[in-house]
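Source file: final_39.cif (mmCIF, C-alpha atoms and all ligand atoms)
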```
data_my_file
loop_
_atom_site.label_atom_id
_atom_site.label_comp_id
_atom_site.auth_asym_id
_atom_site.auth_seq_id
_atom_site.Cartn_x
_atom_site.Cartn_y
_atom_site.Cartn_z
CA MET K 231 113.19 93.91 174.59
CA SER K 232 116.48 92.64 175.77
CA ALA K 233 118.31 90.24 177.94
CA LEU K 234 116.87 86.96 176.68
CA GLY K 235 117.18 84.48 179.50
CA ARG K 236 118.04 87.17 182.05
CA SER K 237 115.38 89.20 183.87
CA ALA K 238 112.35 90.65 182.11
CA GLY K 239 114.73 93.37 180.95
CA THR K 240 112.51 95.65 178.94
CA ASP K 241 110.23 92.85 177.68
CA PHE K 242 107.25 93.65 179.88
CA PHE K 243 104.76 92.91 177.10
CA ARG K 244 106.38 89.53 176.47
CA ILE K 245 107.24 90.17 172.86
CA ALA K 246 109.99 87.55 172.95
CA GLU K 247 107.22 84.94 173.22
CA GLN K 248 106.02 85.98 169.78
CA LEU K 249 109.27 85.07 168.08
CA THR K 250 109.77 82.00 165.94
CA ASP K 251 112.92 79.96 166.46
CA GLN K 252 114.42 81.51 163.35
CA GLU K 253 113.67 85.06 164.51
CA ARG K 254 115.14 84.27 167.91
CA SER K 255 118.28 82.90 166.33
CA TYR K 256 118.81 86.07 164.23
CA TRP K 257 118.22 88.16 167.33
CA ILE K 258 120.73 86.23 169.42
CA ARG K 259 123.34 86.35 166.65
CA ALA K 260 123.00 90.12 166.31
CA ARG K 261 122.90 90.63 170.08
CA ASP K 262 125.99 88.53 170.77
CA PHE K 263 127.91 90.31 168.00
CA VAL K 264 127.05 93.65 169.61
CA ASP K 265 127.83 92.60 173.18
CA ASP K 266 130.99 90.62 172.47
CA GLU K 267 132.53 92.45 169.52
CA VAL K 268 131.04 95.91 169.00
CA LEU K 269 130.67 97.41 172.47
CA PRO K 270 134.23 96.66 173.64
CA VAL K 271 135.79 98.64 170.76
CA ILE K 272 133.30 101.05 169.24
CA ASN K 273 133.98 104.15 171.32
CA GLN K 274 137.51 104.48 169.95
CA TYR K 275 136.25 104.28 166.37
CA TRP K 276 133.63 106.92 167.18
CA GLU K 277 136.15 109.23 168.84
CA ASP K 278 138.64 108.82 165.95
CA ALA K 279 135.87 109.18 163.32
CA GLU K 280 137.16 105.88 161.94
CA PHE K 281 134.97 103.47 159.98
CA PRO K 282 135.04 100.08 161.80
CA LYS K 283 136.10 98.04 158.77
CA SER K 284 136.98 94.94 160.79
CA LEU K 285 133.53 94.91 162.44
CA VAL K 286 131.90 95.22 159.03
CA GLU K 287 134.03 92.33 157.75
CA ARG K 288 132.86 90.29 160.72
CA LEU K 289 129.23 91.35 160.11
CA ALA K 290 129.62 89.93 156.60
CA THR K 291 130.18 86.47 158.04
CA LEU K 292 127.05 86.52 160.22
CA GLN K 293 124.42 86.35 157.46
CA LEU K 294 122.53 89.34 158.85
CA VAL K 295 122.45 91.54 155.73
CA GLY K 296 119.51 91.47 153.34
CA ASP K 297 116.53 93.02 155.10
CA GLY K 298 114.24 90.15 154.17
CA ILE K 299 114.81 90.31 150.40
CA ASP K 300 113.58 87.03 148.99
CA GLY K 301 116.31 85.10 147.16
CA TYR K 302 119.38 86.53 145.36
CA GLY K 303 121.69 85.19 148.05
CA CYS K 304 119.99 87.12 150.86
CA PRO K 305 119.43 85.33 154.16
CA GLN K 306 115.78 84.38 154.59
CA MET K 307 114.34 86.50 157.36
CA SER K 308 110.95 87.82 158.39
CA PRO K 309 110.28 91.55 158.91
CA LEU K 310 110.42 90.89 162.66
CA ALA K 311 113.88 89.32 162.35
CA CYS K 312 115.04 92.28 160.22
CA GLY K 313 113.74 94.73 162.80
CA LEU K 314 115.45 92.91 165.64
CA ILE K 315 118.77 93.00 163.77
CA HIS K 316 118.46 96.76 163.23
CA MET K 317 117.44 97.24 166.86
CA GLU K 318 120.43 95.28 168.13
CA LEU K 319 123.04 96.91 165.88
CA ASN K 320 121.81 100.33 166.98
CA ARG K 321 121.71 99.23 170.61
CA GLY K 322 125.42 98.75 170.05
CA ASP K 323 126.18 101.66 167.79
CA GLY K 324 124.32 104.03 165.51
CA SER K 325 127.15 104.23 162.97
CA LEU K 326 127.12 100.50 162.39
CA GLY K 327 123.32 100.56 162.36
CA THR K 328 123.34 103.36 159.80
CA PHE K 329 125.82 101.46 157.63
CA LEU K 330 123.40 98.52 157.58
CA GLY K 331 120.44 100.84 156.97
CA VAL K 332 122.11 102.30 153.87
CA GLN K 333 123.47 99.01 152.54
CA ALA K 334 120.45 96.75 153.07
CA GLY K 335 117.58 99.20 153.49
CA LEU K 336 118.28 101.93 150.96
CA ALA K 337 120.65 100.51 148.34
CA MET K 338 119.69 96.83 148.25
CA GLN K 339 115.96 97.48 148.64
CA SER K 340 116.02 100.03 145.78
CA ILE K 341 117.37 97.29 143.53
CA ALA K 342 115.10 94.59 144.99
CA ILE K 343 111.91 96.68 144.74
CA LEU K 344 112.59 98.66 141.56
CA GLY K 345 115.36 96.81 139.72
CA SER K 346 115.30 94.44 136.75
CA GLU K 347 115.87 90.72 137.15
CA GLU K 348 119.35 91.16 135.70
CA GLN K 349 120.21 94.00 138.12
CA LYS K 350 119.02 91.94 141.08
CA ARG K 351 121.11 88.93 140.00
CA ARG K 352 124.12 91.08 139.33
CA TRP K 353 124.22 93.12 142.52
CA LEU K 354 122.25 91.63 145.42
CA PRO K 355 124.25 88.46 146.22
CA GLY K 356 127.55 90.35 146.54
CA MET K 357 125.86 93.11 148.54
CA ALA K 358 124.37 90.57 150.98
CA ARG K 359 127.90 89.23 151.54
CA LEU K 360 129.17 92.84 151.90
CA GLU K 361 131.61 92.21 149.05
CA ARG K 362 129.90 95.06 147.24
CA ILE K 363 129.01 98.20 149.17
CA GLY K 364 126.06 100.33 148.13
CA ALA K 365 124.99 103.95 148.54
CA PHE K 366 121.71 105.77 147.96
CA ALA K 367 122.06 109.25 146.49
CA LEU K 368 118.88 111.29 146.77
CA THR K 369 119.57 114.38 148.91
CA GLU K 370 121.21 117.44 147.33
CA PRO K 371 122.91 120.45 148.93
CA THR K 372 119.85 122.60 148.24
CA HIS K 373 117.15 119.89 148.41
CA GLY K 374 116.78 117.85 151.61
CA SER K 375 113.23 117.81 152.94
CA ASP K 376 112.04 118.79 149.48
CA SER K 377 114.12 116.12 147.74
CA VAL K 378 111.21 115.77 145.32
CA ALA K 379 112.54 119.03 143.81
CA LEU K 380 115.93 117.46 143.05
CA GLU K 381 117.97 119.14 140.33
CA THR K 382 120.29 116.33 139.24
CA THR K 383 119.51 115.66 135.59
CA ALA K 384 119.48 112.55 133.43
CA SER K 385 119.69 113.13 129.67
CA ARG K 386 119.08 110.28 127.29
CA HIS K 387 121.49 109.80 124.38
CA GLY K 388 120.57 106.63 122.49
CA ASP K 389 121.25 103.63 124.76
CA PHE K 390 122.99 105.81 127.35
CA TRP K 391 122.07 108.35 129.99
CA VAL K 392 124.23 111.25 131.11
CA LEU K 393 123.91 112.27 134.77
CA GLU K 394 124.83 115.72 136.04
CA GLY K 395 124.45 117.05 139.56
CA VAL K 396 125.61 117.19 143.17
CA LYS K 397 124.41 115.03 146.06
CA LYS K 398 124.97 115.60 149.76
CA TRP K 399 124.98 113.40 152.87
CA ILE K 400 125.34 110.18 150.92
CA GLY K 401 126.10 107.32 153.34
CA ASN K 402 128.96 105.05 152.17
CA GLY K 403 129.51 107.46 149.25
CA THR K 404 133.30 107.32 149.49
CA ILE K 405 133.58 103.55 150.01
CA ALA K 406 130.75 102.27 147.84
CA ASP K 407 131.12 100.14 144.72
CA LEU K 408 127.75 101.31 143.44
CA ALA K 409 125.36 104.15 144.16
CA VAL K 410 121.65 104.29 143.41
CA VAL K 411 121.39 107.82 142.01
CA TRP K 412 118.09 109.67 141.72
CA ALA K 413 117.84 112.16 138.86
CA ARG K 414 115.22 114.00 136.84
CA ASP K 415 114.81 112.95 133.23
CA ASP K 416 115.20 116.15 131.25
CA GLY K 417 112.88 114.66 128.63
CA ASP K 418 109.69 113.71 130.52
CA HIS K 419 110.75 115.45 133.83
CA ALA K 420 110.05 112.31 135.88
CA VAL K 421 112.40 111.27 138.72
CA LYS K 422 114.29 108.10 137.78
CA GLY K 423 116.81 105.86 139.55
CA PHE K 424 120.14 104.63 138.14
CA VAL K 425 122.72 102.16 139.42
CA VAL K 426 126.04 103.96 139.01
CA GLU K 427 129.31 102.12 139.51
CA THR K 428 131.51 104.46 141.47
CA ASP K 429 134.52 103.94 139.19
CA THR K 430 132.55 105.41 136.29
CA PRO K 431 134.39 108.49 134.96
CA GLY K 432 132.85 111.68 136.34
CA TYR K 433 131.77 110.19 139.71
CA SER K 434 133.65 111.74 142.63
CA ALA K 435 132.98 111.67 146.35
CA ARG K 436 134.34 113.81 149.16
CA ARG K 437 133.94 112.72 152.78
CA ILE K 438 132.00 115.10 155.03
CA ASP K 439 134.17 115.69 158.10
CA GLY K 440 133.56 117.44 161.39
CA LYS K 441 130.40 115.57 162.40
CA GLY K 442 129.23 115.43 166.01
CA ALA K 443 127.02 112.38 165.38
CA LEU K 444 127.48 108.97 163.73
CA ARG K 445 131.19 109.63 163.68
CA ALA K 446 132.09 106.02 162.83
CA VAL K 447 130.25 105.97 159.53
CA TRP K 448 131.00 108.26 156.62
CA GLN K 449 128.73 110.36 154.45
CA ALA K 450 129.87 112.10 151.30
CA GLU K 451 129.20 114.90 148.94
CA ILE K 452 129.04 113.34 145.49
CA ARG K 453 129.64 115.06 142.17
CA LEU K 454 128.22 113.62 138.99
CA ASP K 455 130.06 115.30 136.20
CA HIS K 456 128.83 113.98 132.87
CA VAL K 457 128.51 110.42 134.24
CA ARG K 458 127.51 108.05 131.43
CA VAL K 459 125.45 104.97 132.32
CA HIS K 460 123.79 102.42 130.07
CA GLU K 461 120.02 102.15 129.80
CA SER K 462 120.36 98.70 131.42
CA ASP K 463 121.54 100.51 134.60
CA ARG K 464 118.29 102.43 134.94
CA LEU K 465 115.94 100.93 137.56
CA PRO K 466 112.91 100.04 135.42
CA GLY K 467 110.51 100.16 138.39
CA ALA K 468 111.49 103.76 139.26
CA ARG K 469 109.11 105.80 137.15
CA SER K 470 108.42 108.73 139.47
CA PHE K 471 109.23 110.06 142.93
CA LYS K 472 106.38 107.90 144.29
CA ASP K 473 108.57 104.87 143.59
CA THR K 474 111.43 106.44 145.57
CA GLY K 475 108.86 106.79 148.35
CA ARG K 476 108.22 103.03 148.30
CA VAL K 477 111.84 102.43 149.29
CA LEU K 478 111.74 105.21 151.91
CA ALA K 479 108.62 103.81 153.63
CA GLY K 480 110.55 100.61 154.33
CA THR K 481 113.59 102.42 155.63
CA ARG K 482 111.55 104.74 157.88
CA ASN K 483 110.24 101.58 159.46
CA THR K 484 113.87 100.54 159.96
CA VAL K 485 114.69 103.85 161.65
CA ALA K 486 111.83 103.24 164.10
CA TRP K 487 113.53 99.95 165.09
CA ALA K 488 116.91 101.68 165.22
CA ALA K 489 115.55 104.33 167.60
CA LEU K 490 114.28 101.51 169.83
CA GLY K 491 117.83 100.11 169.93
CA HIS K 492 119.27 103.44 171.07
CA ALA K 493 116.58 103.92 173.73
CA THR K 494 116.96 100.37 175.03
CA ALA K 495 120.71 100.85 175.44
CA ALA K 496 120.25 104.15 177.28
CA TYR K 497 117.57 102.77 179.62
CA GLU K 498 119.60 99.67 180.50
CA ILE K 499 122.76 101.68 181.12
CA ALA K 500 120.89 104.18 183.32
CA LEU K 501 119.17 101.44 185.35
CA ARG K 502 122.49 99.70 185.99
CA TYR K 503 124.28 102.94 186.81
CA CYS K 504 121.60 104.14 189.24
CA GLY K 505 121.75 100.77 191.01
CA GLU K 506 125.48 101.19 191.59
CA ARG K 507 125.95 104.92 192.09
CA ARG K 508 125.47 106.08 195.68
CA GLN K 509 124.64 109.63 196.73
CA PHE K 510 123.33 110.85 200.12
CA GLY K 511 124.20 107.45 201.56
CA ARG K 512 122.21 105.22 199.25
CA PRO K 513 121.99 104.05 195.65
CA LEU K 514 120.32 106.48 193.26
CA VAL K 515 117.57 103.91 192.59
CA GLY K 516 116.42 104.50 196.18
CA PHE K 517 115.12 107.99 195.35
CA GLN K 518 111.56 108.42 194.16
CA ILE K 519 112.37 110.92 191.42
CA VAL K 520 115.01 108.60 190.00
CA GLN K 521 112.54 105.71 189.99
CA GLU K 522 109.93 107.84 188.27
CA ARG K 523 112.39 108.76 185.54
CA LEU K 524 113.43 105.16 185.03
CA VAL K 525 109.79 104.07 184.82
CA ASN K 526 108.98 106.83 182.33
CA MET K 527 111.91 105.69 180.21
CA LEU K 528 110.73 102.08 180.39
CA ALA K 529 107.18 103.09 179.44
CA ASP K 530 108.52 104.83 176.33
CA VAL K 531 110.72 101.88 175.41
CA CYS K 532 107.77 99.48 175.75
CA ALA K 533 105.54 101.72 173.62
CA MET K 534 108.26 101.83 170.95
CA GLN K 535 108.49 98.03 171.02
CA LEU K 536 104.75 97.69 170.43
CA TYR K 537 104.95 100.08 167.48
CA CYS K 538 107.82 97.99 166.09
CA LEU K 539 106.04 94.70 166.55
CA ARG K 540 103.05 96.02 164.60
CA LEU K 541 105.35 97.47 161.92
CA ALA K 542 106.77 94.00 161.39
CA ARG K 543 103.33 92.38 161.21
CA LEU K 544 101.99 95.03 158.81
CA THR K 545 105.07 94.66 156.59
CA GLU K 546 104.52 90.91 156.54
CA GLU K 547 100.89 91.41 155.48
CA GLY K 548 101.89 93.98 152.83
CA ASN K 549 99.97 96.67 154.72
CA LEU K 550 102.74 99.08 155.69
CA THR K 551 101.73 102.50 154.36
CA ASP K 552 103.71 105.76 154.08
CA THR K 553 101.64 107.24 156.87
CA ILE K 554 102.20 104.34 159.26
CA ALA K 555 105.94 104.35 158.56
CA ALA K 556 106.08 108.14 159.06
CA LEU K 557 104.10 107.94 162.32
CA ALA K 558 106.37 105.22 163.65
CA LYS K 559 109.56 107.00 162.65
CA MET K 560 108.32 110.24 164.22
CA ASN K 561 107.08 108.59 167.41
CA ASN K 562 110.09 106.38 168.01
CA THR K 563 112.83 108.89 167.27
CA ARG K 564 111.03 111.46 169.43
CA LYS K 565 110.64 109.03 172.35
CA ALA K 566 114.21 107.79 171.97
CA ARG K 567 115.56 111.33 172.22
CA THR K 568 113.64 111.79 175.48
CA VAL K 569 114.81 108.48 176.93
CA VAL K 570 118.44 109.07 176.01
CA ALA K 571 118.41 112.62 177.41
CA LEU K 572 117.02 111.31 180.72
CA ALA K 573 119.70 108.62 180.82
CA ARG K 574 122.38 111.21 180.13
CA ASP K 575 121.14 113.25 183.06
CA LEU K 576 120.91 110.26 185.41
CA LEU K 577 124.57 109.47 184.80
CA GLY K 578 125.55 112.95 185.98
CA GLY K 579 128.99 114.07 184.81
CA ASN K 580 129.81 110.52 183.74
CA GLY K 581 126.96 110.84 181.29
CA ILE K 582 129.09 112.89 178.94
CA LEU K 583 131.96 110.39 178.92
CA LEU K 584 132.10 108.06 175.94
CA ASP K 585 133.05 105.21 178.31
CA HIS K 586 129.44 105.04 179.45
CA HIS K 587 128.09 104.98 175.86
CA VAL K 588 125.02 107.16 176.51
CA MET K 589 126.56 110.33 175.07
CA ARG K 590 127.34 108.52 171.82
CA HIS K 591 123.71 107.34 171.58
CA MET K 592 122.48 110.84 172.35
CA ALA K 593 124.62 112.39 169.61
CA ASP K 594 123.79 109.67 167.08
CA LEU K 595 120.06 110.03 167.66
CA GLU K 596 120.27 113.59 166.39
CA ALA K 597 121.08 112.17 162.98
CA LEU K 598 118.23 109.64 163.14
CA HIS K 599 115.90 112.48 164.08
CA THR K 600 116.87 114.18 160.79
CA TYR K 601 117.66 111.53 158.20
CA GLU K 602 115.09 109.67 156.11
CA GLY K 603 112.93 112.77 156.53
CA THR K 604 113.00 114.98 159.62
CA GLU K 605 110.57 114.63 162.51
CA THR K 606 108.71 117.66 161.14
CA ILE K 607 108.37 116.14 157.69
CA GLN K 608 107.05 112.85 159.14
CA THR K 609 104.57 114.93 161.15
CA LEU K 610 103.42 116.69 157.99
CA ILE K 611 102.99 113.36 156.16
CA VAL K 612 100.70 112.14 158.94
CA GLY K 613 99.01 115.55 159.17
CA ARG K 614 98.20 115.43 155.45
CA ASP K 615 96.64 112.02 155.90
CA ILE K 616 94.41 112.90 158.84
CA THR K 617 93.30 116.30 157.56
CA GLY K 618 93.37 115.77 153.81
CA VAL K 619 95.39 118.99 153.55
CA GLY K 620 99.05 119.01 152.50
CA ALA K 621 100.88 121.63 154.59
CA PHE K 622 104.43 121.24 153.23
CA ALA K 623 104.73 124.31 151.04
P1 LIG K 701 116.25 120.87 155.53
O1 LIG K 701 115.31 120.26 154.55
O2 LIG K 701 116.99 122.10 155.10
O3 LIG K 701 115.46 121.16 156.88
C1 LIG K 701 115.92 122.10 157.87
C2 LIG K 701 114.81 122.28 158.90
O4 LIG K 701 113.65 122.81 158.25
C3 LIG K 701 114.37 120.96 159.55
O5 LIG K 701 114.03 121.19 160.88
C4 LIG K 701 113.12 120.60 158.78
O6 LIG K 701 112.23 119.76 159.52
C5 LIG K 701 112.53 122.00 158.54
N1 LIG K 701 111.61 122.01 157.41
C6 LIG K 701 111.85 121.72 156.11
N2 LIG K 701 110.74 121.83 155.37
C7 LIG K 701 109.75 122.20 156.23
C8 LIG K 701 108.36 122.49 156.09
N3 LIG K 701 107.73 122.35 154.91
N4 LIG K 701 107.66 122.86 157.17
C9 LIG K 701 108.27 122.96 158.39
N5 LIG K 701 109.56 122.71 158.58
C10 LIG K 701 110.30 122.34 157.52
N6 LIG K 701 120.36 111.41 152.10
C11 LIG K 701 120.53 110.51 151.09
O7 LIG K 701 120.03 110.70 149.98
N7 LIG K 701 121.25 109.37 151.28
C12 LIG K 701 121.84 109.08 152.48
O8 LIG K 701 122.49 108.02 152.61
C13 LIG K 701 121.68 110.02 153.55
N8 LIG K 701 122.27 109.78 154.76
C14 LIG K 701 122.27 110.78 155.70
C15 LIG K 701 123.03 110.63 156.88
C16 LIG K 701 123.11 111.67 157.81
C17 LIG K 701 123.96 111.51 159.01
C18 LIG K 701 122.35 112.85 157.60
C19 LIG K 701 122.41 113.98 158.59
C20 LIG K 701 121.56 112.98 156.47
C21 LIG K 701 121.52 111.97 155.51
N9 LIG K 701 120.78 112.12 154.34
C22 LIG K 701 120.92 111.20 153.31
C23 LIG K 701 120.02 113.34 154.11
C24 LIG K 701 118.78 113.47 154.96
O9 LIG K 701 117.76 112.65 154.49
C25 LIG K 701 118.41 114.96 155.01
O10 LIG K 701 119.39 115.58 155.83
C26 LIG K 701 117.02 115.21 155.57
O11 LIG K 701 116.04 114.77 154.67
C27 LIG K 701 116.79 116.70 155.88
O12 LIG K 701 117.20 117.51 154.84
P2 LIG K 701 118.16 118.77 155.15
O13 LIG K 701 119.30 118.29 155.97
O14 LIG K 701 118.48 119.39 153.85
O15 LIG K 701 117.32 119.74 156.04
#
```
Produce structure tokens that represent the structure in this file.
Amino acid sequence: MSALGRSAGTDFFRIAEQLTDQERSYWIRARDFVDDEVLPVINQYWEDAEFPKSLVERLATLQLVGDGIDGYGCPQMSPLACGLIHMELNRGDGSLGTFLGVQAGLAMQSIAILGSEEQKRRWLPGMARLERIGAFALTEPTHGSDSVALETTASRHGDFWVLEGVKKWIGNGTIADLAVVWARDDGDHAVKGFVVETDTPGYSARRIDGKGALRAVWQAEIRLDHVRVHESDRLPGARSFKDTGRVLAGTRNTVAWAALGHATAAYEIALRYCGERRQFGRPLVGFQIVQERLVNMLADVCAMQLYCLRLARLTEEGNLTDTIAALAKMNNTRKARTVVALARDLLGGNGILLDHHVMRHMADLEALHTYEGTETIQTLIVGRDITGVGAFA
């Protein structure tokens, strides 16, 4: 789906016709931001591993942050509008897309789905305006795919909880005002969620450097050293790891849209490049093998779009399940990796230059392939559903 008002672009199944005026207006706002403001500058941020603060400040003015949360100062948007925003930001840049995924998808949705009325009123309006930045701290150095086995502890002392542990890969961890921290209650052994203000004594975050993907957004290792939070900062709806899973199902759906954004960018860049680049006396698009590759890429992009459209409709109906979200995340990240690798090849040597953008998408997709549960873990979630046999351990 792209290029409203231009050619069919990638919209062969005429998905744009399904959009309401409001959805279209969110889409155009996100798309214009990406084309006019993100793409001209993002490569330098990526190369310098610099967080694009000015772009995030600009994003704050566009009323695109909130992922469809109803009320609490969040812009009113349907699941389809949310998906289109994630698609577009990732079509521009995976780091910016990941920033939005953490802020709106993981941190804000944890509070919206599992928080108390007071927590929602306190945090969500400022987060929607990006005045307050959020993080989501689940993964630990020794527990990634098996995050259910997390070792961070929460000990109750009267009206307070004391959190102890280490978290790894926490998006926005060094710049956040608050982090949703997942810890095991050492009383009843259930996994619980806590909103931790990052200036609380004992919270420290160290940026993870040396990444070859998503270089323009920062993840952190977080230490929780005797961090004391009040009982009112515990998410009352988070009673077990199943509740964490409710947040993750929504964000896996978001990653499926994000993967579509990366693949769309790569396909469009490759099509344009092959139309202009001449070898053996004619443009690359004149060769059958090149055409076949471009058509295969388009077919994958269209299939991803149809997955995404259904994800939006199922979310709207309240019928998005863990299995559907896992299947979509697995399918779309897998297809996107194929599309982007083909594009990289079709650009020849230029394909590895940041100037042409494809290499950045290719590198960033490696992170999407892994985060929010690896492709293998999504496969095992679906496998468990279709066979009735859990094959994780
Ligand atoms: P591992 O679990 O060690 O997996 C290594 C390999 O083993 C993978 O191929 C995996 O598929 C495979 N594997 C594992 N178990 C099985 C099995 N049972 N059967 C077969 N194969 C298996 N976490 C957060 O909490 N908050 C964040 O904001 C966040 N952001 C992230 C951003 C980035 C850029 C990255 C890279 C990660 C982020 N994560 C975040 C963590 C992410 O969710 C984990 O990296 C992911 O779940 C995988 O865990 P792991 O890296 O420990 O890999």
Residues within 9 Å of ligand LIG 701 (chain K) should be enumerated using all atoms listed in the file and returned as a PyMOL selection string. chain K and resi 325+328-329+331-332+336-337+365-377+397-403+411-412+441+443-445+447-450+594+596-608+610+621-623
In Å, with one decimal, what is the gap from CA of Thr404 in chain K to CA of Ser434 in chain K? 8.2 Å
Can you list every residue of range 301-403 of chain K that has an atom at most 9 Å from range 490-500 of chain K, with its nearest atom pair and the distance in Å to one decimal, using all atoms listed in the file, ordered by chain then number, as a tab-separated table?
```
residue	atom	partner	partner_atom	distance
K:Leu314	CA	K:Gly491	CA	8.7
K:His316	CA	K:Gly491	CA	7.5
K:Met317	CA	K:Gly491	CA	4.2
K:Glu318	CA	K:Gly491	CA	5.8
K:Leu319	CA	K:Gly491	CA	7.3
K:Asn320	CA	K:Gly491	CA	5.0
K:Arg321	CA	K:Gly491	CA	4.0
K:Gly322	CA	K:Ala495	CA	7.5
K:Asp323	CA	K:His492	CA	7.9
K:Gly324	CA	K:His492	CA	7.5
```
Please, what distance in Å, to one decimal, runs between CA of Arg502 in chain K and CA of Glu280 in chain K?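 Between these atoms lies a distance of 28.8 Å.
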If you measure from CA of Asp407 in chain K to CA of Ala479 in chain K, what distance in Å do you get, rounded to one decimal? 24.5 Å
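Between Leu524 in chain K and the residues K:Ile554, K:Ala488, K:Ala573, K:Cys538, the shortest atom-to-atom distance, using all atoms listed in the file, involves K:Ala573.
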